[in-house]
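Working notes, beginning with the structure itself.
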Amino acid sequence: MYRYDSFDQRIVDQRVDQFRDQTRRYLTGQLTEDEFRPLRLQNGLYIQKHAPMLRVAIPYGQLSTRQLRALAHIARTFDRGYAHFTTRQNIQYNWPSLEQVPDILAELARVEMHAIQTSGNCIRNTTTDHFAGVAGDETADPRPFTELIRQWSTFHPEFAYLPRKFKIAVTGATHDRAAILVHDIGLQLVRNADGEIGFRVAVGGGLGRTPIIGHIIRDFLPRAEILNYLDAILRVYNRFGRRDNKYKARIKILVKERTPAVFTADVEAEWTQLQGGSATVPAEEFARLAGFFTPPAYESLAGDDPGYRAAVADNRGFANWVTRNVHPHKVAGYAIVTLSLKKTGFPPGDATADQLDAVAALADRYSFGELRVSHEQNLIFADVKQSELLSLWQQLKGLGFATPNIGLLTDIICCPGGDFCSLANAKSIPIAEAIQRRFDDLDYLHDIGELALNISGCMNACGHHHVGHIGVLGVDKNGSEWYQVTIGGTQGEHAAIGRVIGPSFAADEMPDVVARLIEIYVDLRHDDERFVDTVRRVGIEPFKERVYAPTH
Amino acid sequence: MPQLIKRGEIVDDIYTLVRAASSLAELPEAMPVLVPLSLWLVARAALVARGDVGVWLAPADDPALIASDLKRLPVVAVDFPSFTDGRGYSIARLLRERFDYRGELRAVGDIQRDQLFFLREVGFDAFDLRDDTDITDALFGLHDFADGYQATAVRAPWFRRRAAKAGPGDGWFPCA
């Protein structure tokens with residue numbers, strides 16, 4: 001993975017000094033609350049219900065075990081012994097004290113980490129495919145490009161005060177696991193007719209109050225031009241994006257109001273001026289960055305491991321876990337393992353400091369000392385030998401991270417919600433838990449099959465409810481908490497926004513509502529049709545009718 | 001006399017910023033002024049004849065409208081009504097990099113210490129800080145970071161300089 005050199009390290013160290021001084025000036029009254037707010041937000045620091053919340057960047061989801069141990073240490077020393085993985089491949093601490101945040105940043109800097117631009121109206125952490133570099137369907141490994149974009153976006157002086165937050169996602173695969181079409185900019189690595197690597201560029205996707213699927217504004221951008229093109233898009237947005245209304249300030253509104261065609265013409269005109277300029281990336285820089293992401297020292301193995309095959313045949317629990325939590329690896333004899341952070345009774349995405357330390361030890365032993373964070377709020381061991389899967393599974397079970405539910409209904413994507421977040425209209429974690437408890441029968445869960453259930457506690461859509469096959473949105477009605485349900489949302493290359501089925505529900509109705517949606521699906525489905533495919537085929541009406549039918 | 005930071009030093013500010021003026025008659029006599037773009041566009045010749053006149057741009061103003069005047073302008077100012085309104089950063093880069101403006105480029109309005117590093121990166125070399133700002137303390141803000149990754153108005157991106165092992169600070173000021 002990428003390692004800082006002295007240049008990278010100095011920037012992060014100077015950020016710690018800068019923020020320490022800003023915090024001092026705030027605490028001594030030299031900076032007002034209004035002046036300090038944008039500064040602390042650009043360092044991932046929110047003031048929340050109970051305490052500040054600090055969001056730490058995990059650039060494109062990659063972590064070394066040394067970094068993971070530092071995150072555990074921070075959770076133990078500065079927080080209440082746990083942390084929360086977010087839907088943007090970041091990690092959040094819910095209980096630090098403002099005075100100690102500079103010290104936390106200093107701890108992070110020691111392991112080449114930071115909280116730069118994890119919030120605020122600036123370019124946020126760039127996300128990518130959590131199977132990057134090991135999936136079989138890749139045109140190119142996206143990680144060297146995401147590192148390039150990380151550097152470009154870190155303290156980009158022109159774009160520190162954008163109209164609103166700005167999120168970029170990159171995929172190198174044909175199957176989009178990075179949800180690029182619901183990002184401000186979505187980049188897909190592609191090859192042109194001459195076999196050269198470049199990007200297909202989508203702009204103006206996003207969730208939140210106005211969910212929109214991104215528009216493709218360029219089918220092929222030569223890779224050398226990527227920073228010039230990003231500068232062009234961001235400059236058009238920075239100059240012309242709306243600043244009069246924060247709900248209309250995202251780039252998706254600019255694209256919509258100008259029309260995609262006019263917006264594209266504006267970007268292309270700006271790019272024409274920048275093309276070939278000093279931000280053009282030389283081939284040597286791509287080669288240098290790619291050098292950080294070379295494959296680990298895989299053993300040469302001949303196809304599937306026989307012992308592993310035998311264990312799958314003999315052990316139903318192991319086989320269930322393999323079916324859901326193990327994905328094929330591009331190298332023979334290896335597998336990709338997803339650790340489920342979605343065990344019933346635990347907030348989705350949460351992990352204790354002890355669990356993080358234990359995961360670090362396992363990653364050292366089984367997966368070359370590295371791991372990834374997925375935007376579904378799970379952890380990934382990308383390079384596990386098939387012959388060691390059984391042993392790994394047994395140890396993950398002991399940790400509570402072997403729930404065989406990846407991609408199933410109980411693998412719920414969920415924001416922290418009203419329990420923690422001051423923006424939330426409603427709680428989300430208790431809803432997730434109540435639904436998980438209702439669907440505790442593993443056979444039924446597997447029979448239901450692939451189902452993305454996403455819960456957001458407010459319109460900001462941190463739980464990505466719009467693209468959940470079933471989406472749940474917390475809404476406030478006269479001071480009480482209600483839940484609006486959408487169905488038919490999809491992420492990936494066929495991204496679609498879910499449709500609202502009708503009036504919202506009370507919290508205690510939610511498990512029944514989901515159960516009824518599933519019953520209807522089971523009645524109507526064809527063969528191995530997924531829930532979302534059935535919704536697409538029959539529309540929302542049959543679901544709507546029966547969910548709202550009077551119960552007898 | 002009011003002061004400003006110019007090229008890293010605290011100096012007297014000889015210009016008066018005229019926030020609103022729709023005719024030449026509204027301008028103060030016998031002192032250098034910064035006039036709104038709207039006045040410049042209608043009274044360009046007279047203002048050039050008067051001498052010692054600069055133009056200030058609002059965030060929504062198009063810097064291309066003064067592109068052909070830049071050689072005659074000793075000062076161009078860009079206003080920041082709020083420090084969170086970042087449009088002026090793009091205006092500065094366009095003036096420096098696209099229209100090759102070499103004169104004083106001044107940031108005015110709601111700007112303080114914590115904006116100075118980024119403002120300098122995009123090409124501002126003069127800073128008329130908010131009145132209640134401690135100007136001596138604000139000088140430190142210019143040095144929050146020793147260097148940066150990006151192509152900016154004042155230097156090439158780090159990946160173009162890395163091989164040459166250029167030290168921090170090389171080429172900070174285009175017109176120093």
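So you can find residues: chains in the structure tokens are A, B, ... in the order shown, residues in each start at 1, and ligands are numbered from 1 in order.
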Selection: 10 Å around A:Val467, only C-alpha atoms, excl. self and same-chain fewer than 6 positions, as a CSV table (one decimal) with N, CA and C atoms, in the first residue's frame:
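Resulting contents of result_13.csv:
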chain,number,residue,atom,x,y,z
A,179,ALA,N,-20.2,2.4,-6.1
A,179,ALA,CA,-21.4,3.3,-6.2
A,179,ALA,C,-21.0,4.6,-6.9
A,182,VAL,N,-23.6,7.5,-7.8
A,182,VAL,CA,-24.2,8.4,-6.8
A,182,VAL,C,-23.2,9.3,-6.1
A,207,LEU,N,-27.0,11.5,-3.4
A,207,LEU,CA,-28.2,11.1,-2.6
A,207,LEU,C,-28.7,12.3,-1.9
A,211,PRO,N,-32.1,13.0,-4.7
A,211,PRO,CA,-31.2,11.9,-5.2
A,211,PRO,C,-31.2,11.9,-6.7
A,452,ALA,N,-30.3,-5.5,-0.1
A,452,ALA,CA,-29.6,-4.4,0.5
A,452,ALA,C,-30.6,-3.6,1.3
A,453,LEU,N,-30.5,-3.5,2.6
A,453,LEU,CA,-31.4,-2.7,3.4
A,453,LEU,C,-30.6,-1.6,4.0
A,454,ASN,N,-31.0,-0.4,3.7
A,454,ASN,CA,-30.2,0.8,4.1
A,454,ASN,C,-31.1,1.7,4.9
A,461,ALA,N,-28.8,11.3,4.2
A,461,ALA,CA,-28.6,10.0,3.5
A,461,ALA,C,-27.3,9.3,3.7
A,486,THR,N,-38.7,3.2,1.1
A,486,THR,CA,-38.6,3.1,-0.4
A,486,THR,C,-38.2,1.7,-0.8
A,487,ILE,N,-38.6,1.3,-2.0
A,487,ILE,CA,-38.1,0.0,-2.5
A,487,ILE,C,-37.7,0.2,-3.9
A,488,GLY,N,-36.8,-0.7,-4.4
A,488,GLY,CA,-36.3,-0.7,-5.7
A,488,GLY,C,-35.1,0.1,-6.0
A,489,GLY,N,-34.5,0.6,-5.0
A,489,GLY,CA,-33.2,1.3,-5.2
A,489,GLY,C,-32.1,0.3,-5.4
A,490,THR,N,-31.1,0.7,-6.2
A,490,THR,CA,-30.0,-0.1,-6.5
A,490,THR,C,-28.7,0.7,-6.6
A,491,GLN,N,-27.6,0.1,-6.2
A,491,GLN,CA,-26.3,0.8,-6.4
A,491,GLN,C,-25.6,0.1,-7.5
A,492,GLY,N,-24.4,0.5,-7.9
A,492,GLY,CA,-23.6,-0.1,-8.9
A,492,GLY,C,-24.0,0.4,-10.3
A,495,ALA,N,-27.5,1.6,-11.2
A,495,ALA,CA,-28.0,2.4,-10.1
A,495,ALA,C,-29.3,3.0,-10.4
A,496,ALA,N,-30.2,2.9,-9.4
A,496,ALA,CA,-31.5,3.4,-9.4
A,496,ALA,C,-31.9,4.0,-8.1
A,497,ILE,N,-32.8,5.0,-8.1
A,497,ILE,CA,-33.3,5.5,-6.8
A,497,ILE,C,-34.6,4.8,-6.4
A,498,GLY,N,-34.7,4.4,-5.2
A,498,GLY,CA,-35.9,3.7,-4.7
A,498,GLY,C,-37.1,4.6,-4.7
A,499,ARG,N,-38.3,4.0,-4.8
A,499,ARG,CA,-39.6,4.8,-4.8
A,499,ARG,C,-40.3,4.6,-3.5
Would you tabulate, counting only C-alpha atoms, all residues of chain B that have an atom at most 6 Å from an atom of chain A, showing the closest pair of atoms and their distance in Å to one decimal, sorted by chain then ascending number, as a tab-separated table?
residue	atom	partner	partner_atom	distance
B:Thr84	CA	A:Tyr161	CA	5.4
B:Gly86	CA	A:Tyr161	CA	4.5
B:Arg87	CA	A:Arg239	CA	5.1
B:Tyr89	CA	A:Glu158	CA	5.1
B:Ser90	CA	A:Glu158	CA	5.9
B:Phe118	CA	A:Pro157	CA	4.6
B:Gln150	CA	A:Trp152	CA	5.7
B:Ala151	CA	A:Ala279	CA	5.6
Please run DSSP on the backbone and report, as a count of residues only, all residues within chain B that come out as strand (DSSP E). 34
Grab the atom CA of A:Arg223 to atom CA of A:His494 distance for me, in Å with one decimal place.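 We find that atom CA of A:Arg223 and atom CA of A:His494 lie 24.6 Å from each other.
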- Message: Based on the backbone DSSP call, show me all residues of stretch 259-355 of chain A assigned alpha helix (DSSP H), as a ChimeraX atom specification.
- Response: /A:260-274,283-290,306-314,316-325,353-355
Keeping only C-alpha atoms, write the selected residues as a PDB file, in the first residue's frame.
ATOM      1  CA  PRO A 260     -26.094  18.099 -18.530  1.00  0.00           C
ATOM      2  CA  ALA A 261     -25.300  19.202 -22.110  1.00  0.00           C
ATOM      3  CA  VAL A 262     -24.552  22.813 -21.171  1.00  0.00           C
ATOM      4  CA  PHE A 263     -22.655  21.795 -18.059  1.00  0.00           C
ATOM      5  CA  THR A 264     -20.554  19.387 -20.122  1.00  0.00           C
ATOM      6  CA  ALA A 265     -19.790  22.123 -22.648  1.00  0.00           C
ATOM      7  CA  ASP A 266     -18.673  24.433 -19.815  1.00  0.00           C
ATOM      8  CA  VAL A 267     -16.357  21.774 -18.416  1.00  0.00           C
ATOM      9  CA  GLU A 268     -14.944  20.900 -21.818  1.00  0.00           C
ATOM     10  CA  ALA A 269     -14.285  24.591 -22.550  1.00  0.00           C
ATOM     11  CA  GLU A 270     -12.431  24.966 -19.257  1.00  0.00           C
ATOM     12  CA  TRP A 271     -10.508  21.758 -19.886  1.00  0.00           C
ATOM     13  CA  THR A 272      -9.456  22.974 -23.330  1.00  0.00           C
ATOM     14  CA  GLN A 273      -7.617  25.772 -21.550  1.00  0.00           C
ATOM     15  CA  LEU A 274      -6.013  23.491 -18.967  1.00  0.00           C
ATOM     16  CA  ALA A 283       3.780   8.444 -17.098  1.00  0.00           C
ATOM     17  CA  GLU A 284       6.589   8.218 -14.533  1.00  0.00           C
ATOM     18  CA  GLU A 285       4.256   9.441 -11.798  1.00  0.00           C
ATOM     19  CA  PHE A 286       1.696   6.760 -12.646  1.00  0.00           C
ATOM     20  CA  ALA A 287       4.476   4.190 -12.579  1.00  0.00           C
ATOM     21  CA  ARG A 288       5.758   5.490  -9.230  1.00  0.00           C
ATOM     22  CA  LEU A 289       2.293   5.297  -7.669  1.00  0.00           C
ATOM     23  CA  ALA A 290       1.581   1.874  -9.153  1.00  0.00           C
ATOM     24  CA  PRO A 306      -8.835 -29.781  -1.601  1.00  0.00           C
ATOM     25  CA  GLY A 307      -8.910 -29.449   2.182  1.00  0.00           C
ATOM     26  CA  TYR A 308     -11.000 -26.316   1.856  1.00  0.00           C
ATOM     27  CA  ARG A 309     -13.408 -28.061  -0.544  1.00  0.00           C
ATOM     28  CA  ALA A 310     -13.765 -30.925   1.905  1.00  0.00           C
ATOM     29  CA  ALA A 311     -14.445 -28.578   4.812  1.00  0.00           C
ATOM     30  CA  VAL A 312     -17.169 -26.818   2.808  1.00  0.00           C
ATOM     31  CA  ALA A 313     -18.787 -30.189   2.111  1.00  0.00           C
ATOM     32  CA  ASP A 314     -18.582 -31.340   5.738  1.00  0.00           C
ATOM     33  CA  ARG A 316     -22.662 -26.495   7.141  1.00  0.00           C
ATOM     34  CA  GLY A 317     -21.814 -23.449   9.259  1.00  0.00           C
ATOM     35  CA  PHE A 318     -18.537 -22.987   7.417  1.00  0.00           C
ATOM     36  CA  ALA A 319     -20.253 -23.537   4.083  1.00  0.00           C
ATOM     37  CA  ASN A 320     -22.858 -20.859   4.888  1.00  0.00           C
ATOM     38  CA  TRP A 321     -20.111 -18.423   5.751  1.00  0.00           C
ATOM     39  CA  VAL A 322     -18.181 -19.262   2.583  1.00  0.00           C
ATOM     40  CA  THR A 323     -21.317 -18.758   0.480  1.00  0.00           C
ATOM     41  CA  ARG A 324     -21.954 -15.301   1.842  1.00  0.00           C
ATOM     42  CA  ASN A 325     -18.667 -13.907   3.136  1.00  0.00           C
ATOM     43  CA  ALA A 353     -10.759  -1.491  20.488  1.00  0.00           C
ATOM     44  CA  ASP A 354     -10.162  -5.110  21.510  1.00  0.00           C
ATOM     45  CA  GLN A 355     -11.872  -6.357  18.368  1.00  0.00           C
TER      46      GLN A 355
END
If we count only C-alpha atoms and set the cut-off at 12 Å, which residues sit around A:Glu509, ignoring sequence neighbours fewer than 4 positions away in its own chain? Please answer as a PDB file with N, CA and C atoms, in the first residue's frame.
ATOM      1  N   ILE A 431     -33.723   0.619  14.921  1.00  0.00           N
ATOM      2  CA  ILE A 431     -34.539   0.075  13.832  1.00  0.00           C
ATOM      3  C   ILE A 431     -33.794  -1.095  13.189  1.00  0.00           C
ATOM      4  N   ALA A 434     -33.961  -4.085  15.532  1.00  0.00           N
ATOM      5  CA  ALA A 434     -35.278  -4.734  15.578  1.00  0.00           C
ATOM      6  C   ALA A 434     -35.502  -5.578  14.322  1.00  0.00           C
ATOM      7  N   ILE A 435     -35.047  -5.066  13.167  1.00  0.00           N
ATOM      8  CA  ILE A 435     -35.209  -5.833  11.919  1.00  0.00           C
ATOM      9  C   ILE A 435     -34.314  -7.073  11.946  1.00  0.00           C
ATOM     10  N   ARG A 438     -35.911  -9.735  13.998  1.00  0.00           N
ATOM     11  CA  ARG A 438     -37.038 -10.376  13.326  1.00  0.00           C
ATOM     12  C   ARG A 438     -36.548 -11.441  12.337  1.00  0.00           C
ATOM     13  N   GLU A 481     -40.705  10.523  15.859  1.00  0.00           N
ATOM     14  CA  GLU A 481     -39.870   9.865  14.855  1.00  0.00           C
ATOM     15  C   GLU A 481     -40.684   8.890  14.008  1.00  0.00           C
ATOM     16  N   TRP A 482     -40.635   9.067  12.697  1.00  0.00           N
ATOM     17  CA  TRP A 482     -41.351   8.204  11.766  1.00  0.00           C
ATOM     18  C   TRP A 482     -40.384   7.732  10.690  1.00  0.00           C
ATOM     19  N   TYR A 483     -40.815   6.714   9.955  1.00  0.00           N
ATOM     20  CA  TYR A 483     -39.905   6.095   8.990  1.00  0.00           C
ATOM     21  C   TYR A 483     -40.592   5.913   7.640  1.00  0.00           C
ATOM     22  N   GLN A 484     -39.977   6.518   6.626  1.00  0.00           N
ATOM     23  CA  GLN A 484     -40.497   6.407   5.265  1.00  0.00           C
ATOM     24  C   GLN A 484     -39.761   5.262   4.561  1.00  0.00           C
ATOM     25  N   VAL A 485     -40.503   4.476   3.805  1.00  0.00           N
ATOM     26  CA  VAL A 485     -39.909   3.285   3.187  1.00  0.00           C
ATOM     27  C   VAL A 485     -39.895   3.426   1.672  1.00  0.00           C
ATOM     28  N   SER A 504     -45.443   7.240   6.067  1.00  0.00           N
ATOM     29  CA  SER A 504     -44.397   6.660   6.913  1.00  0.00           C
ATOM     30  C   SER A 504     -44.980   5.892   8.097  1.00  0.00           C
ATOM     31  N   PHE A 505     -44.092   5.132   8.737  1.00  0.00           N
ATOM     32  CA  PHE A 505     -44.492   4.206   9.794  1.00  0.00           C
ATOM     33  C   PHE A 505     -43.857   4.601  11.121  1.00  0.00           C
ATOM     34  N   VAL A 513     -43.322  -4.241   8.765  1.00  0.00           N
ATOM     35  CA  VAL A 513     -43.361  -3.701   7.404  1.00  0.00           C
ATOM     36  C   VAL A 513     -42.348  -4.444   6.523  1.00  0.00           C
ATOM     37  N   VAL A 514     -41.132  -4.602   7.045  1.00  0.00           N
ATOM     38  CA  VAL A 514     -40.109  -5.303   6.267  1.00  0.00           C
ATOM     39  C   VAL A 514     -40.531  -6.767   6.062  1.00  0.00           C
ATOM     40  N   ALA A 515     -41.064  -7.365   7.110  1.00  0.00           N
ATOM     41  CA  ALA A 515     -41.501  -8.768   6.994  1.00  0.00           C
ATOM     42  C   ALA A 515     -42.572  -8.910   5.919  1.00  0.00           C
ATOM     43  N   ARG A 516     -43.499  -7.957   5.858  1.00  0.00           N
ATOM     44  CA  ARG A 516     -44.561  -8.032   4.841  1.00  0.00           C
ATOM     45  C   ARG A 516     -43.986  -7.832   3.428  1.00  0.00           C
ATOM     46  N   VAL A 547     -48.818  -3.962   1.947  1.00  0.00           N
ATOM     47  CA  VAL A 547     -48.221  -3.409   3.172  1.00  0.00           C
ATOM     48  C   VAL A 547     -49.232  -2.530   3.904  1.00  0.00           C
ATOM     49  N   TYR A 548     -50.041  -1.795   3.123  1.00  0.00           N
ATOM     50  CA  TYR A 548     -50.998  -0.877   3.751  1.00  0.00           C
ATOM     51  C   TYR A 548     -52.379  -1.495   3.945  1.00  0.00           C
TER      52      TYR A 548
END
If you count only C-alpha atoms, the residue of A:Arg218, A:Arg365, A:Arg437, A:Lys343 closest to A:Ile406 turns out to be A:Lys343
field: Which of B:Ala92, B:Leu24, B:Leu139, B:Val108 sits closest to B:Ala43 [using only C-alpha atoms]
entry: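 With only C-alpha atoms as the atom set, the closest residue is B:Leu24.
If you look at atom CA of A:Asp21 and atom CA of A:Tyr46, they are 17.7 Å away from each other.
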Students should find that atom CA of B:Leu116 and atom CA of B:Trp40 are spaced 27.4 Å
| request: Choose the residue, out of B:Leu17, B:Ala45, B:Glu29, B:Phe99, that has the smallest atom-to-atom separation from B:Ala77; count only C-alpha atoms. | output: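 Closest to B:Ala77, using only C-alpha atoms: B:Leu17.
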